[in-house]
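Below is the file protein-v8.txt, which contains compact mmCIF, C-alpha atoms.
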# COMPACT_ATOMS: atom_id res chain seq x y z
CA MET A 1 -215.82 171.04 40.60
CA THR A 2 -218.33 172.05 43.21
CA VAL A 3 -221.99 172.80 43.80
CA THR A 4 -222.87 174.98 46.78
CA ILE A 5 -226.05 176.04 48.52
CA ASP A 6 -225.66 179.37 46.72
CA ASP A 7 -225.71 177.57 43.36
CA ILE A 8 -228.87 175.74 44.41
CA ARG A 9 -230.56 178.93 45.60
CA ALA A 10 -229.63 180.55 42.29
CA ALA A 11 -231.17 177.60 40.45
CA GLN A 12 -234.31 177.97 42.57
CA GLN A 13 -234.62 181.59 41.49
CA ARG A 14 -233.79 180.76 37.86
CA ILE A 15 -236.54 178.16 37.48
CA SER A 16 -239.10 179.89 39.73
CA GLY A 17 -242.51 180.12 38.11
CA GLN A 18 -241.60 177.59 35.40
CA VAL A 19 -241.53 174.41 37.53
CA ASP A 20 -244.14 173.53 40.14
CA ARG A 21 -243.24 173.54 43.81
CA THR A 22 -244.57 170.10 44.65
CA PRO A 23 -246.33 169.47 47.98
CA VAL A 24 -244.87 167.80 51.06
CA ARG A 25 -247.49 165.94 53.08
CA HIS A 26 -247.56 163.77 56.18
CA SER A 27 -248.81 160.22 55.56
CA ARG A 28 -250.83 158.98 58.51
CA ARG A 29 -251.53 155.62 56.89
CA LEU A 30 -247.92 154.81 56.05
CA SER A 31 -246.78 156.11 59.44
CA GLN A 32 -249.19 153.73 61.18
CA LEU A 33 -248.04 150.86 58.97
CA THR A 34 -244.29 151.35 59.43
CA GLY A 35 -243.86 152.86 62.87
CA ALA A 36 -241.97 155.83 61.40
CA GLU A 37 -243.32 159.34 60.90
CA ILE A 38 -243.39 159.56 57.11
CA TRP A 39 -243.54 162.71 55.01
CA ILE A 40 -243.80 162.44 51.23
CA LYS A 41 -242.69 164.93 48.60
CA TYR A 42 -244.95 164.32 45.61
CA ASP A 43 -242.64 164.90 42.66
CA ASN A 44 -244.90 162.62 40.59
CA LEU A 45 -247.15 165.70 40.34
CA HIS A 46 -244.78 167.61 38.07
CA PHE A 47 -246.19 168.23 34.59
CA THR A 48 -243.87 165.59 33.07
CA GLY A 49 -244.41 163.24 36.02
CA SER A 50 -240.99 163.33 37.71
CA PHE A 51 -238.41 165.39 39.62
CA LYS A 52 -236.21 165.77 36.55
CA GLU A 53 -237.77 169.07 35.47
CA ARG A 54 -235.75 171.18 37.93
CA GLY A 55 -232.35 170.03 36.72
CA ALA A 56 -233.27 169.97 33.04
CA LEU A 57 -234.66 173.50 33.05
CA ASN A 58 -231.78 174.89 35.09
CA ARG A 59 -229.27 173.44 32.63
CA LEU A 60 -231.18 174.65 29.56
CA LEU A 61 -231.38 178.17 30.97
CA GLN A 62 -227.58 178.19 31.29
CA LEU A 63 -226.97 177.46 27.59
CA THR A 64 -225.39 180.18 25.45
CA PRO A 65 -227.39 181.53 22.49
CA ASP A 66 -225.19 179.49 20.12
CA GLU A 67 -225.72 176.30 22.15
CA LYS A 68 -229.48 176.85 22.18
CA LYS A 69 -229.46 177.12 18.39
CA ARG A 70 -227.41 173.91 17.96
CA GLY A 71 -229.69 171.95 20.27
CA VAL A 72 -229.09 169.32 22.93
CA VAL A 73 -228.83 165.54 23.00
CA ALA A 74 -229.21 163.22 25.96
CA ALA A 75 -229.53 159.56 26.89
CA SER A 76 -232.43 158.73 29.15
CA ALA A 77 -234.76 155.93 30.19
CA GLY A 78 -237.56 158.47 30.12
CA ASN A 79 -237.87 161.04 32.89
CA HIS A 80 -234.87 163.22 32.00
CA ALA A 81 -235.98 162.84 28.38
CA GLN A 82 -239.47 164.17 29.01
CA ALA A 83 -238.19 167.04 31.15
CA LEU A 84 -235.67 168.14 28.49
CA ALA A 85 -238.21 167.70 25.71
CA TYR A 86 -240.89 169.73 27.46
CA HIS A 87 -238.72 172.63 28.58
CA GLY A 88 -236.63 172.54 25.40
CA GLY A 89 -239.87 172.93 23.42
CA ARG A 90 -240.93 175.86 25.62
CA LEU A 91 -237.58 177.59 25.15
CA GLY A 92 -237.18 176.80 21.46
CA VAL A 93 -234.20 174.49 21.97
CA PRO A 94 -234.10 171.42 19.64
CA VAL A 95 -233.91 168.20 21.68
CA THR A 96 -232.77 164.72 20.61
CA ILE A 97 -233.15 161.84 23.05
CA VAL A 98 -231.60 158.37 22.85
CA MET A 99 -233.59 155.78 24.81
CA PRO A 100 -232.73 152.15 25.59
CA GLU A 101 -234.79 149.35 24.11
CA GLY A 102 -237.46 148.31 26.59
CA THR A 103 -238.10 151.84 27.90
CA PRO A 104 -241.74 151.95 29.11
CA PHE A 105 -244.09 153.10 26.35
CA VAL A 106 -245.52 155.84 28.56
CA LYS A 107 -242.09 157.48 28.72
CA VAL A 108 -241.35 157.09 25.00
CA ASP A 109 -244.74 158.47 24.01
CA GLY A 110 -244.51 161.30 26.53
CA THR A 111 -241.12 162.38 25.19
CA ARG A 112 -242.31 162.40 21.58
CA ALA A 113 -245.45 164.28 22.55
CA HIS A 114 -243.29 167.12 23.87
CA GLY A 115 -241.64 167.46 20.45
CA ALA A 116 -238.30 165.71 20.91
CA ASN A 117 -236.63 163.56 18.27
CA VAL A 118 -236.51 160.10 19.89
CA VAL A 119 -233.90 157.51 18.91
CA ILE A 120 -234.28 153.99 20.33
CA HIS A 121 -230.80 152.48 20.61
CA GLY A 122 -229.03 150.04 22.92
CA LEU A 123 -230.06 147.45 25.46
CA ASP A 124 -229.21 149.67 28.43
CA PHE A 125 -228.42 153.21 29.51
CA SER A 126 -224.69 152.82 28.83
CA ALA A 127 -225.25 151.87 25.19
CA SER A 128 -227.72 154.73 24.77
CA THR A 129 -225.16 157.15 26.21
CA GLU A 130 -222.55 156.01 23.68
CA GLU A 131 -224.99 156.64 20.84
CA ALA A 132 -225.93 160.06 22.24
CA LYS A 133 -222.27 161.08 22.34
CA ARG A 134 -221.81 159.83 18.77
CA LEU A 135 -224.71 162.05 17.68
CA GLN A 136 -223.17 164.92 19.63
CA ALA A 137 -219.93 164.61 17.67
CA GLU A 138 -221.75 164.17 14.35
CA HIS A 139 -224.21 167.07 14.65
CA GLY A 140 -222.59 169.46 17.10
CA TYR A 141 -225.27 169.05 19.76
CA VAL A 142 -224.65 169.93 23.41
CA PHE A 143 -224.65 166.73 25.48
CA VAL A 144 -226.76 167.12 28.62
CA SER A 145 -226.17 164.31 31.08
CA ALA A 146 -229.09 163.16 33.16
CA PHE A 147 -226.94 163.49 36.29
CA ASP A 148 -223.21 164.03 35.63
CA ASP A 149 -223.42 167.79 35.25
CA GLU A 150 -223.10 170.59 37.82
CA GLY A 151 -226.07 172.50 36.38
CA ILE A 152 -228.23 169.40 36.65
CA VAL A 153 -227.09 168.72 40.22
CA ALA A 154 -227.79 172.31 41.28
CA GLY A 155 -231.25 172.16 39.76
CA GLN A 156 -232.07 168.86 41.47
CA GLY A 157 -230.85 170.33 44.75
CA VAL A 158 -233.94 172.56 44.75
CA CYS A 159 -235.86 169.42 45.70
CA GLY A 160 -233.91 169.08 48.96
CA LEU A 161 -234.20 172.80 49.58
CA GLU A 162 -237.99 172.71 49.25
CA PHE A 163 -238.26 169.54 51.32
CA VAL A 164 -236.45 170.94 54.35
CA GLU A 165 -238.18 174.32 54.06
CA ASP A 166 -241.62 172.65 54.03
CA ALA A 167 -240.87 169.98 56.69
CA PRO A 168 -238.16 171.47 58.94
CA ASP A 169 -238.48 168.87 61.72
CA LEU A 170 -237.37 165.89 59.62
CA ASP A 171 -234.67 163.60 61.00
CA ALA A 172 -233.73 162.20 57.59
CA LEU A 173 -234.37 162.15 53.86
CA ILE A 174 -234.46 158.95 51.78
CA ILE A 175 -233.61 159.52 48.14
CA PRO A 176 -233.32 156.94 45.32
CA ILE A 177 -229.92 156.76 43.61
CA GLY A 178 -229.41 156.13 39.91
CA GLY A 179 -226.73 158.41 38.53
CA GLY A 180 -226.68 160.35 41.79
CA GLY A 181 -227.69 163.85 40.68
CA LEU A 182 -230.78 164.10 42.88
CA ILE A 183 -229.20 162.81 46.06
CA ALA A 184 -226.08 164.94 45.54
CA GLY A 185 -227.97 168.19 45.08
CA SER A 186 -230.54 167.43 47.77
CA ALA A 187 -227.88 166.41 50.30
CA ILE A 188 -225.94 169.64 49.73
CA ALA A 189 -229.09 171.73 50.18
CA ALA A 190 -230.49 169.84 53.17
CA LYS A 191 -227.20 169.69 55.07
CA ALA A 192 -226.59 173.40 54.48
CA ILE A 193 -229.92 174.27 56.10
CA LYS A 194 -229.97 171.51 58.73
CA PRO A 195 -226.46 170.06 59.30
CA ASP A 196 -227.65 167.21 61.55
CA ILE A 197 -230.21 165.81 59.09
CA LYS A 198 -229.37 162.30 57.88
CA ILE A 199 -229.28 161.48 54.19
CA PHE A 200 -230.10 157.93 53.14
CA GLY A 201 -229.91 156.53 49.63
CA VAL A 202 -231.67 153.56 48.11
CA GLU A 203 -230.58 151.45 45.13
CA ALA A 204 -232.04 148.51 43.26
CA ALA A 205 -230.27 145.24 44.10
CA ARG A 206 -229.62 144.63 40.42
CA TYR A 207 -227.95 148.05 39.97
CA PRO A 208 -225.99 148.89 43.16
CA SER A 209 -223.49 151.19 41.43
CA PHE A 210 -223.12 153.75 44.25
CA THR A 211 -222.66 151.04 46.88
CA ALA A 212 -220.04 149.28 44.77
CA ARG A 213 -218.19 152.55 44.13
CA ARG A 214 -218.07 153.24 47.86
CA ARG A 215 -216.54 149.83 48.48
CA GLY A 216 -214.02 150.27 45.70
CA GLU A 217 -215.49 147.30 43.84
CA PRO A 218 -216.67 146.95 40.24
CA ALA A 219 -220.45 147.27 40.09
CA LYS A 220 -222.27 144.05 39.18
CA CYS A 221 -225.29 145.41 37.35
CA SER A 222 -227.57 143.49 35.01
CA GLY A 223 -231.10 142.38 34.33
CA GLN A 224 -234.53 143.95 34.28
CA THR A 225 -235.88 145.92 37.22
CA ILE A 226 -239.16 147.65 37.91
CA ALA A 227 -237.01 150.56 39.11
CA GLU A 228 -235.68 151.30 35.62
CA GLY A 229 -235.35 154.98 36.51
CA ILE A 230 -232.36 154.12 38.74
CA ALA A 231 -230.99 151.23 36.66
CA ILE A 232 -227.62 152.91 36.09
CA LYS A 233 -224.46 150.80 35.80
CA ALA A 234 -222.10 153.57 36.88
CA VAL A 235 -222.90 156.44 39.23
CA GLY A 236 -221.84 159.83 37.87
CA GLU A 237 -218.36 161.12 38.68
CA ILE A 238 -219.60 164.58 39.71
CA PRO A 239 -222.51 163.39 41.90
CA PHE A 240 -220.37 160.76 43.63
CA ALA A 241 -217.63 163.25 44.46
CA LEU A 242 -220.19 165.70 45.84
CA ALA A 243 -222.43 163.26 47.70
CA ASP A 244 -220.25 160.49 49.09
CA SER A 245 -219.26 162.31 52.28
CA LEU A 246 -222.81 163.59 52.84
CA ILE A 247 -224.68 160.27 52.61
CA ASP A 248 -225.01 158.41 55.90
CA GLU A 249 -226.10 155.04 54.49
CA VAL A 250 -227.31 153.44 51.28
CA PHE A 251 -229.93 150.68 51.35
CA VAL A 252 -230.05 148.11 48.56
CA CYS A 253 -233.58 146.84 47.98
CA GLU A 254 -234.96 143.80 46.17
CA GLU A 255 -237.61 143.87 43.46
CA ALA A 256 -240.34 142.77 45.89
CA ASP A 257 -239.62 145.80 48.08
CA PHE A 258 -240.12 148.20 45.17
CA GLU A 259 -243.28 146.39 44.09
CA LYS A 260 -244.74 146.56 47.58
CA GLY A 261 -243.90 150.26 47.75
CA VAL A 262 -245.70 150.95 44.46
CA ALA A 263 -248.73 148.97 45.62
CA LEU A 264 -248.96 150.68 49.03
CA LEU A 265 -248.63 154.15 47.55
CA ALA A 266 -251.49 153.30 45.19
CA THR A 267 -253.77 151.65 47.73
CA LEU A 268 -253.05 153.70 50.86
CA GLU A 269 -251.96 157.09 49.51
CA LYS A 270 -254.05 156.94 46.32
CA THR A 271 -251.07 158.12 44.28
CA VAL A 272 -249.20 156.53 41.37
CA ALA A 273 -245.46 155.87 41.73
CA GLU A 274 -243.09 154.28 39.26
CA GLY A 275 -240.70 151.66 40.61
CA ALA A 276 -237.86 154.06 41.40
CA GLY A 277 -240.35 156.56 42.84
CA ALA A 278 -241.29 154.03 45.52
CA GLY A 279 -237.64 153.51 46.51
CA GLY A 280 -237.81 155.48 49.75
CA LEU A 281 -240.81 153.52 50.99
CA ALA A 282 -239.15 150.28 49.83
CA ALA A 283 -236.15 151.01 52.07
CA ILE A 284 -238.39 151.58 55.10
CA LEU A 285 -240.42 148.44 54.45
CA ALA A 286 -237.25 146.36 54.14
CA ASN A 287 -235.64 147.87 57.27
CA PRO A 288 -238.49 148.80 59.65
CA GLU A 289 -236.42 148.70 62.85
CA ARG A 290 -233.84 151.06 61.37
CA PHE A 291 -236.43 153.80 60.88
CA LYS A 292 -238.88 153.17 63.72
CA GLY A 293 -239.78 156.39 65.52
CA MET A 294 -237.85 158.63 63.11
CA LYS A 295 -239.32 161.51 61.13
CA ILE A 296 -238.51 160.49 57.57
CA GLY A 297 -238.91 162.40 54.33
CA ILE A 298 -239.52 160.23 51.27
CA GLU A 299 -238.81 161.67 47.84
CA LEU A 300 -241.45 160.18 45.51
CA THR A 301 -239.37 160.83 42.42
CA GLY A 302 -241.89 160.06 39.69
CA GLY A 303 -245.10 158.40 38.58
CA ASN A 304 -244.37 157.40 34.99
CA ILE A 305 -245.32 153.73 35.05
CA ASP A 306 -247.17 151.86 32.29
CA ALA A 307 -250.78 151.08 33.18
CA ARG A 308 -250.18 147.40 32.39
CA MET A 309 -247.17 147.24 34.72
CA LEU A 310 -249.09 148.97 37.49
CA ALA A 311 -251.85 146.37 37.11
CA VAL A 312 -249.28 143.57 37.23
CA VAL A 313 -247.70 144.98 40.40
CA LEU A 314 -251.06 145.36 42.15
CA ASN A 315 -252.08 141.81 41.25
CA ARG A 316 -248.72 140.40 42.35
CA GLU A 317 -249.14 142.11 45.70
CA MET A 318 -252.54 140.47 46.07
CA VAL A 319 -250.85 137.11 45.44
CA ARG A 320 -248.21 137.84 48.12
CA GLU A 321 -250.94 138.69 50.60
CA LYS A 322 -252.92 135.58 49.57
CA ARG A 323 -255.84 137.78 48.58
CA LEU A 324 -255.49 136.15 45.17
CA ILE A 325 -254.71 132.44 45.34
CA VAL A 326 -254.83 129.39 43.10
CA TYR A 327 -256.14 126.13 44.59
CA ARG A 328 -254.86 123.18 42.54
CA ILE A 329 -257.20 120.27 43.14
CA LEU A 330 -256.97 116.69 41.88
CA GLY A 331 -260.42 115.20 41.36
CA ASP A 332 -262.60 112.92 39.27
CA ASP A 333 -263.50 114.01 35.74
CA ARG A 334 -267.26 113.69 36.13
CA PRO A 335 -270.30 115.96 35.86
CA GLY A 336 -270.94 118.15 38.89
CA MET A 337 -267.36 118.00 40.21
CA LEU A 338 -266.61 121.64 39.51
CA SER A 339 -269.93 122.90 40.84
CA ALA A 340 -269.39 120.99 44.10
CA MET A 341 -265.96 122.59 44.60
CA ALA A 342 -267.38 125.99 43.69
CA ALA A 343 -270.10 125.54 46.30
CA VAL A 344 -267.49 125.04 49.02
CA ILE A 345 -265.52 128.11 47.92
CA GLY A 346 -268.56 130.31 47.39
CA GLY A 347 -270.14 129.17 50.64
CA LEU A 348 -267.19 130.64 52.52
CA GLY A 349 -267.25 133.92 50.60
CA GLY A 350 -264.46 133.24 48.11
CA ASN A 351 -264.82 134.87 44.70
CA ILE A 352 -263.82 132.57 41.82
CA ILE A 353 -261.87 134.56 39.20
CA ASP A 354 -260.75 131.82 36.82
CA VAL A 355 -260.83 128.04 36.34
CA VAL A 356 -258.46 125.90 34.26
CA HIS A 357 -258.93 122.16 33.63
CA ASN A 358 -255.87 119.99 32.98
CA ARG A 359 -256.63 116.45 31.77
CA LEU A 360 -253.33 115.72 30.00
CA ALA A 361 -250.82 115.89 32.88
CA LEU A 362 -249.26 112.42 33.16
CA ASP A 363 -249.39 112.45 36.97
CA VAL A 364 -253.17 112.81 36.77
CA PRO A 365 -255.24 109.59 36.42
CA ALA A 366 -256.80 109.04 32.98
CA LYS A 367 -260.25 109.33 34.53
CA GLY A 368 -259.29 112.32 36.60
CA ALA A 369 -258.62 116.00 36.08
CA GLU A 370 -256.58 118.72 37.70
CA PHE A 371 -258.46 121.94 38.47
CA ASP A 372 -256.66 125.26 38.94
CA ILE A 373 -259.19 127.54 40.62
CA MET A 374 -258.13 131.17 41.10
CA VAL A 375 -259.96 132.73 44.02
CA GLU A 376 -260.09 136.23 45.46
CA THR A 377 -260.11 136.15 49.26
CA ARG A 378 -260.24 138.72 52.06
CA ASP A 379 -256.79 137.90 53.46
CA ALA A 380 -254.35 135.04 54.19
CA ARG A 381 -256.52 133.65 57.02
CA HIS A 382 -259.56 133.54 54.74
CA ALA A 383 -257.48 131.75 52.10
CA GLU A 384 -256.38 129.12 54.63
CA GLU A 385 -259.99 128.70 55.80
CA ILE A 386 -261.14 127.91 52.25
CA GLY A 387 -258.22 125.50 51.73
CA ALA A 388 -259.04 123.66 54.95
CA ALA A 389 -262.72 123.39 53.99
CA LEU A 390 -261.81 121.87 50.61
CA LYS A 391 -259.61 119.30 52.32
CA ASP A 392 -262.39 118.50 54.83
CA GLN A 393 -264.66 117.72 51.88
CA GLY A 394 -262.14 115.17 50.68
CA TYR A 395 -260.55 117.15 47.85
CA GLU A 396 -256.85 116.57 47.27
CA LEU A 397 -255.09 119.96 47.25
CA ARG A 398 -251.74 120.02 45.52
CA MET A 399 -251.24 123.70 46.18
CA GLY A 400 -253.13 126.24 48.21
Could the structure of this file be written out as C-alpha cells, please?
Amino acid sequence: MTVTIDDIRAAQQRISGQVDRTPVRHSRRLSQLTGAEIWIKYDNLHFTGSFKERGALNRLLQLTPDEKKRGVVAASAGNHAQALAYHGGRLGVPVTIVMPEGTPFVKVDGTRAHGANVVIHGLDFSASTEEAKRLQAEHGYVFVSAFDDEGIVAGQGVCGLEFVEDAPDLDALIIPIGGGGLIAGSAIAAKAIKPDIKIFGVEAARYPSFTARRRGEPAKCSGQTIAEGIAIKAVGEIPFALADSLIDEVFVCEEADFEKGVALLATLEKTVAEGAGAGGLAAILANPERFKGMKIGIELTGGNIDARMLAVVLNREMVREKRLIVYRILGDDRPGMLSAMAAVIGGLGGNIIDVVHNRLALDVPAKGAEFDIMVETRDARHAEEIGAALKDQGYELRMG
C-alpha cells in the first residue's frame, strides 16, 4: 500500500482538462488580521463546490469497463457524493449515494441534480457506510470510499501539488482532516516538492479521530457540528498510514472557531465557505501565536453550505462582536415607555431590530413589563455606550 509523487503526477495528467485548476491567492485582509502571511486555495470554486472532484474523477477513470457498467456506490455527507455523481454522469457510470440523515439540503439536492440515485440512511457517516456496503453486496456495485482508497488519495494529492507549484515560498499548509484522504495526498505531494514544508491538520473538537488514533486512544466522536464535511468517527486506514509521519501537528478546533472562519471568509474575502472549508482559518484564529510571521497556505476545501446556515453563522458572529445585542429592561407598563427607551437608543445611533414584551414573568411586577430590545450597533464599545445611557436614564437593565 503506497501512493507516491509519481502516482499523483499521473493523476494530475489523467484528470487534466476535466477538473478546474483552482486559484491560489494571497489574502491581505486575513494576513493583517492574523499576523501570518495567508494564501488561500479556493477549492470552493470547483463546479461541484469542493475539492472532492479530483479524487472522484481519478478513481472513476481507473475503473475497468465491467466495473463502469455495474456502477459505483458510496457513502457521503455531500461533497464526495456530488463529485462522484457529476463525473459519473459525464462518463456514463451509474452512481448510488447513501447520505446520513441531516445532510444539508444543498448537498442532497446537488447530488440528485447530477443524476445520482440518493438513499438517505443512518444518523451518521458510519451507518451510511454500512448501508452502502450492503447495497454493494446486493447489487454488485463497486464501493468507492470517500477517502480510504489509493486512487482517491492520489487524486486529492493534486491539490497539494498545485498549491506548492503556485505558491512555492510557503512555510506550511493547513488542511482539514475528516477521513484523511486530502491531507495524505497533499502531504505526499508537497513534501516531495519541498521537503521542509510543514503540514498541519485541523479537526473538529467533536470528531477528533486522527488525533485519537495518533494517541492510541478510542475516538470520542458525537454530536452535530457545522464542519459536517469532516465529521468522521474513524480516520481511514490508508490515509492514516500514509500521512501520520508527514503531518507535523494537528489542531483541534471548537465550533466557534469554525463559525468565525466562515464569517470572516464571507465578510473579508467575499467568498462562501462551508464549516469544514474554514478549518484552516479556524486553526490560525485559535492559535495566532503559533502561526505569527509564517507563510501559511489554507486549503478552502468547499463552499457547500445551506443559505439558512450561512445566515445563522453571520448573525451569531454579530452577536459575539456585540454588533447585535439584546437589552433586557424592566420598566413600568404604561403608555410612552417603549418610545422613551427607543429615543435613548436611537439618539445614540442604535438600530432597533426587534422588540418583545413580557408581562407574564413572575419576577416582573404585575404593573410592570420586561422589554427585550434587539439592537444593531457599530461595535462592542457602541453597545456599552447605549447600555450606559439607558442606565443613566434610570432603566433597570437585566442584560446588556
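The gap separating CA of Glu203 (chain A) from CA of Cys253 (chain A) is 6.2 Å, in Å to one decimal.
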Around all of region 332-338 of chain A's listed atoms, make the axis-aligned box with 3 Å on each side and tell me centre and edge lengths in Å to one decimal, as JSON.
{"center_x": -266.8, "center_y": 117.3, "center_z": 38.0, "size_x": 14.3, "size_y": 14.7, "size_z": 10.5}
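For the atom pair formed by CA of Thr111 (chain A) and CA of Gln13 (chain A), the distance is 26.0 Å, given to one decimal.
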Task: Distance query region 94-100 of chain A at most 6 Å, all atoms listed in the file, self and fewer than 5 positions along chain excluded, as JSON, numbers by chain - done: {"A": [71, 72, 73, 74, 75, 76, 77, 85, 116, 117, 118, 119, 120, 121, 122, 123, 124, 125, 128, 132]}
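Each of A:Leu348, A:Ala184, A:Val144, A:Leu330 was compared to Gly368 (chain A) using all atoms listed in the file, and A:Leu330 turns out to be the nearest.
Residues in contact range of Gly181 (chain A), defined as at most 9 Å between all atoms listed in the file, with sequence neighbours fewer than 2 positions away removed, read Gly55, Ala146, Phe147, Asp148, Asp149, Glu150, Ile152, Val153, Ala154, Gln156, Gly157, Ile177, Gly178, Gly179, Ile183, Ala184, Gly185, Ser186, Val235, Gly236, Ile238, Pro239, Phe240 and Ala243 of chain A.
Picture a line from CA of Ile188 (chain A) to CA of Phe163 (chain A); it runs 12.4 Å.
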Open item on the list: My list of candidates is A:Asp66, A:Asp363, A:Asp332, A:Asp379. Which is closest to Gly349 (chain A) when distances are computed with all atoms listed in the file?
Closed with: A:Asp379
Open item on the list: So that I can see what lies close to Arg70 (chain A), please list as a ChimeraX atom specification the residues with an atom at most 8 Å from it, counting only C-alpha atoms and leaving out residues fewer than 6 positions away in the same chain.
Closed with: /A:93-94,140-142
Output of the above residues as a PDB file, in the frame of the given file, restricted to C-alpha atoms:
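And here is the file that came out, out-v2.pdb:
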ATOM      1  CA  VAL A  93    -234.200 174.490  21.970  1.00  0.00           C
ATOM      2  CA  PRO A  94    -234.100 171.420  19.640  1.00  0.00           C
ATOM      3  CA  GLY A 140    -222.590 169.460  17.100  1.00  0.00           C
ATOM      4  CA  TYR A 141    -225.270 169.050  19.760  1.00  0.00           C
ATOM      5  CA  VAL A 142    -224.650 169.930  23.410  1.00  0.00           C
TER       6      VAL A 142
END
- [ ] Would you mind telling me which residue in A:Asp392, A:Glu228, A:Glu237, A:Asp372 lies nearest to Thr103 (chain A) when using only C-alpha atoms?
- [x] A:Glu228
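In terms of minimum interatomic distance to Ile284 (chain A), A:Val252 ranks closest within A:Val252, A:Ala234, A:Ala307, A:Met337, counting all atoms listed in the file.
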